[in-house]
Amino acid sequence: MVFSSLVFLNCFLPAVLLSYFLAPKSWRNPILLAASIFFYGYGEPRYLTIMLLCVAVNYIFALAIENSSSKRLRGLLTGTAVILNCANLLLFKYLDFILENINLVLPQGADIPVLKLVMPIGISFYTFQAVSYIIDVHSQSVKAQKNIFDLALFIMFFPQLIAGPILKYHEFGPQIEAHDTNISRFASGLRRFICGLGKKVLLANTIGIFAERFFQTAPEQLPVWLVWAGTAAYAIQIYFDFSGYSDMAIGLGAMFGFNIPENFNYPYVSRSITEFWRRWHISLSTWVRDYLYFPLGGSRGSTLRTCINTMVVFTAVGLWHGASWSFAVWGAWFGLLMVAERVSGYRDWQEKIPKVFQHIYFVIVYLISIVIFMTSSLTECLRYLKRMFGFACAEHVNYIPIDTPEIVALIIGTAAMFPTFKLLWKEQPNSLMTVFQNIISAAILYLSFAFLCGATYNPFIYFRF
């Protein structure tokens with residue numbers, strides 16, 4: 001069940017909201033937990049047991065870590081809990097990839113059979129949340145949760161269960177016992193949810209139709225400018241697809257009285273890759289910084305050590321997105337760019353370069369990363385890259401048709417990638433602007449429902465991660 005589905009909008013969400021606000025406050029967390037279990041079970045009933053087992057394992061280990069008086073035992077318990085969480089991820093997401101690569105070096109006929117397990121939805125997100133909880137308890141920055149149902153709510157909270165933002169326990173845990181909402185906050189959350197729904201349905205889905213048409217055409221048959229334009233269209237699609245989902249998650253959290261952290265801050269205004277990763281998928285960036293980069297030593301050592309840490313972290317970020325060499329190369333590409341920016345002193349002499357050239361640099365290297373991300377193999381990736389830079393052109397060139405709604409969506413999407421409409425959504429209580437925001441929200445909601453009722457194209461890119 002995705003937020004942009006009619007089942008969620010017409011049935012699930014209204015039922016949960018009614019149950020939540022009609023119930024006594026002491027019942028509200030159990031209602032949210034029951035809704036979260038149903039939400040996950042609706043899409044992945046066969047993997048619900050694994051999710052509940054994940055909750056139980058982390059509950060037991062966290063209590064054992066907190067009650068242990070031995071530093072060595074605490075470390076052993078923490079390491080075991082982290083390994084168990086990662087083993088779950090390894091089994092479903094990476095084992096087949098590992099076995100396939102082992103088979104490449106084995107003698108013919110000695111292949112190890114792959115399991116072909118279906119990956120549970122959201123496993124990359126809830127695994128990271130569980131690991132953050134264990135590490136927070138180990139570092140004594142939080143107390144172990146004594147109520148297993150409250151811990152389950154943290155790991156399974158349905159607004160961000162499927163695709164984030166990734167929650168850290170030290171940020172979200174205190175809200176479980178003390179959260180509340182009011183009419184103003186509910187209305188603000190509803191507007192944020194509708195804004196995200198519009199991003200997803202009206203912009204991402206519409207632009208995605210053109211992007212899909214682009215990917216169905218061999219790159220050798222496209223003019224160079226169209227390869228760049230098609231790649232840019234996909235970049236716009238994935239931004240509104242993912243940021244739209246994050247907006248919906250943040251809006252839902254606010255409606256129930258929870259503060260879910262921001263996940264995007266106009267990443268396409270960036271003038272460097274370093275700046276981009278401060279603005280894109282912020283919850284992932286801060287997670288790997290706190291729980292991987294800093295433990296590796298961060299930037300406290302030599303320049304060489306810092307560069308190695310950066311490469312390790314971003315290669316891991318790439319593999320987190322998917323079990324393939326394409327994703328590993330995608331992450332390593334970002335790591336290499338960040339290392340280059342650091343070693344070259346780019347940030348120090350950035351002010352001497354006109355901003356437009358800085359942005360052109362970012363757009364070029366970022367669209368190269370999009371090609372790596374969007375292609376299914378490194379071979380296909382090289383085909384697109386060769387054509388982007390003017391090589392491997394066929395005798396006959398094809399032009400991809402584009403419909404008027406797609407043109408309109410691309411124009412609005414291009415404008416909305418920048419803080420063009422920021423003031424439009426700024427919270428201004430008790431003002432005419434709030435009335436205007438409500439009118440715009442109602443229009444977006446109406447158009448989104450109209451599109452959903454007649455649409456057959458409603459993918460969500462980050463579902464596969």
# chains A, B, ... in the order shown; residues from 1 in each chain; ligands from 1

call {"tool": "residues_around", "arguments": {"residues": "region 67-84 of chain A", "least_positions_apart": "6", "cutoff": "8 Å", "atoms": "only C-alpha atoms", "output": "JSON list (two decimals) with N, CA, C and O atoms, in the first residue's frame"}}
result
[["chain", "number", "residue", "atom", "x", "y", "z"],
["A", 57, "VAL", "N", 13.87, -8.99, 19.00],
["A", 57, "VAL", "CA", 15.32, -9.16, 19.16],
["A", 57, "VAL", "C", 15.96, -7.86, 19.65],
["A", 57, "VAL", "O", 16.78, -7.87, 20.59],
["A", 58, "ASN", "N", 15.59, -6.74, 19.06],
["A", 58, "ASN", "CA", 16.19, -5.47, 19.47],
["A", 58, "ASN", "C", 15.72, -5.05, 20.86],
["A", 58, "ASN", "O", 16.49, -4.43, 21.60],
["A", 61, "PHE", "N", 17.87, -7.33, 23.33],
["A", 61, "PHE", "CA", 19.29, -6.97, 23.34],
["A", 61, "PHE", "C", 19.50, -5.59, 23.97],
["A", 61, "PHE", "O", 20.48, -5.39, 24.69],
["A", 131, "VAL", "N", 19.29, -0.49, 14.08],
["A", 131, "VAL", "CA", 20.71, -0.37, 14.40],
["A", 131, "VAL", "C", 20.98, 0.92, 15.17],
["A", 131, "VAL", "O", 21.74, 0.93, 16.15],
["A", 134, "ILE", "N", 20.02, 0.43, 18.85],
["A", 134, "ILE", "CA", 20.99, -0.38, 19.60],
["A", 134, "ILE", "C", 22.24, 0.44, 19.93],
["A", 134, "ILE", "O", 22.75, 0.42, 21.06],
["A", 135, "ILE", "N", 22.73, 1.18, 18.95],
["A", 135, "ILE", "CA", 23.95, 1.97, 19.16],
["A", 135, "ILE", "C", 23.68, 3.12, 20.14],
["A", 135, "ILE", "O", 24.53, 3.45, 20.97],
["A", 138, "HIS", "N", 23.73, 1.62, 23.52],
["A", 138, "HIS", "CA", 25.12, 1.29, 23.89],
["A", 138, "HIS", "C", 25.90, 2.53, 24.31],
["A", 138, "HIS", "O", 26.67, 2.49, 25.28]]

call {"tool": "atom_distance", "arguments": {"atom1": "CA of Ser324 (chain A)", "atom2": "CA of Ala233 (chain A)"}}
result
23.6 Å

call {"tool": "closest_atom_pairs", "arguments": {"of": "region 122-219 of chain A", "to": "region 409-412 of chain A", "cutoff": "8 Å", "atoms": "only C-alpha atoms", "output": "Markdown table"}}
result
| residue | atom | partner | partner_atom | distance |
| --- | --- | --- | --- | --- |
| A:Leu202 | CA | A:Ala409 | CA | 7.2 |
| A:Leu203 | CA | A:Ala409 | CA | 5.3 |
| A:Thr206 | CA | A:Ala409 | CA | 6.5 |
| A:Ile207 | CA | A:Ala409 | CA | 6.3 |

call {"tool": "write_last_selection", "arguments": {"atoms": "N, CA, C and O atoms", "output": "tab-separated table (two decimals), in the first residue's frame"}}
result
chain	number	residue	atom	x	y	z
A	202	LEU	N	1.05	14.42	-9.60
A	202	LEU	CA	0.93	15.37	-10.71
A	202	LEU	C	2.26	15.60	-11.42
A	202	LEU	O	2.27	15.81	-12.64
A	203	LEU	N	3.36	15.59	-10.68
A	203	LEU	CA	4.65	15.89	-11.29
A	203	LEU	C	5.45	14.61	-11.60
A	203	LEU	O	5.75	14.33	-12.75
A	206	THR	N	3.69	12.08	-14.00
A	206	THR	CA	3.53	12.62	-15.37
A	206	THR	C	4.87	12.69	-16.08
A	206	THR	O	5.00	12.28	-17.24
A	207	ILE	N	5.88	13.21	-15.39
A	207	ILE	CA	7.22	13.28	-15.98
A	207	ILE	C	7.77	11.88	-16.22
A	207	ILE	O	8.48	11.62	-17.19

call {"tool": "closest_atom_pairs", "arguments": {"of": "region 101-177 of chain A", "to": "region 11-26 of chain A", "cutoff": "12 Å", "atoms": "only C-alpha atoms", "output": "JSON lines"}}
result
{"residue": "A:Phe158", "atom": "CA", "partner": "A:Leu13", "partner_atom": "CA", "distance": 10.7}
{"residue": "A:Pro159", "atom": "CA", "partner": "A:Leu13", "partner_atom": "CA", "distance": 10.4}
{"residue": "A:Ile176", "atom": "CA", "partner": "A:Ser26", "partner_atom": "CA", "distance": 11.6}
{"residue": "A:Glu177", "atom": "CA", "partner": "A:Ser26", "partner_atom": "CA", "distance": 10.0}

call {"tool": "closest_atom_pairs", "arguments": {"of": "region 216-305 of chain A", "to": "region 1-5 of chain A", "cutoff": "12 Å", "atoms": "only C-alpha atoms", "output": "CSV"}}
result
residue,atom,partner,partner_atom,distance
A:Asp241,CA,A:Ser4,CA,10.5
A:Phe242,CA,A:Phe3,CA,11.9
A:Gly244,CA,A:Ser4,CA,9.8
A:Tyr245,CA,A:Phe3,CA,7.6
A:Ser246,CA,A:Phe3,CA,10.5
A:Asp247,CA,A:Phe3,CA,10.8
A:Met248,CA,A:Phe3,CA,7.5
A:Ala249,CA,A:Phe3,CA,8.7
A:Gly251,CA,A:Phe3,CA,11.5
A:Leu252,CA,A:Phe3,CA,10.0

call {"tool": "closest_residue", "arguments": {"among": "A:Phe240, A:Ser36, A:Phe449, A:Ser302", "to": "Met51 (chain A)", "atoms": "only C-alpha atoms"}}
result
A:Ser36

call {"tool": "residues_around", "arguments": {"residues": "Phe172 (chain A)", "least_positions_apart": "6", "cutoff": "8 Å", "atoms": "only C-alpha atoms", "output": "PyMOL selection string"}}
result
chain A and resi 154+259-260

call {"tool": "residues_around", "arguments": {"residues": "region 372-389 of chain A", "least_positions_apart": "3", "cutoff": "6 Å", "atoms": "only C-alpha atoms", "output": "PyMOL selection string"}}
result
chain A and resi 219+224+227+326+330+369+392

call {"tool": "residues_around", "arguments": {"residues": "Phe276 (chain A)", "least_positions_apart": "3", "cutoff": "10 Å", "atoms": "only C-alpha atoms", "output": "PyMOL selection string"}}
result
chain A and resi 264-273+279-282+362+366

call {"tool": "atom_distance", "arguments": {"atom1": "CA of Phe186 (chain A)", "atom2": "CA of Asn438 (chain A)"}}
result
12.6 Å
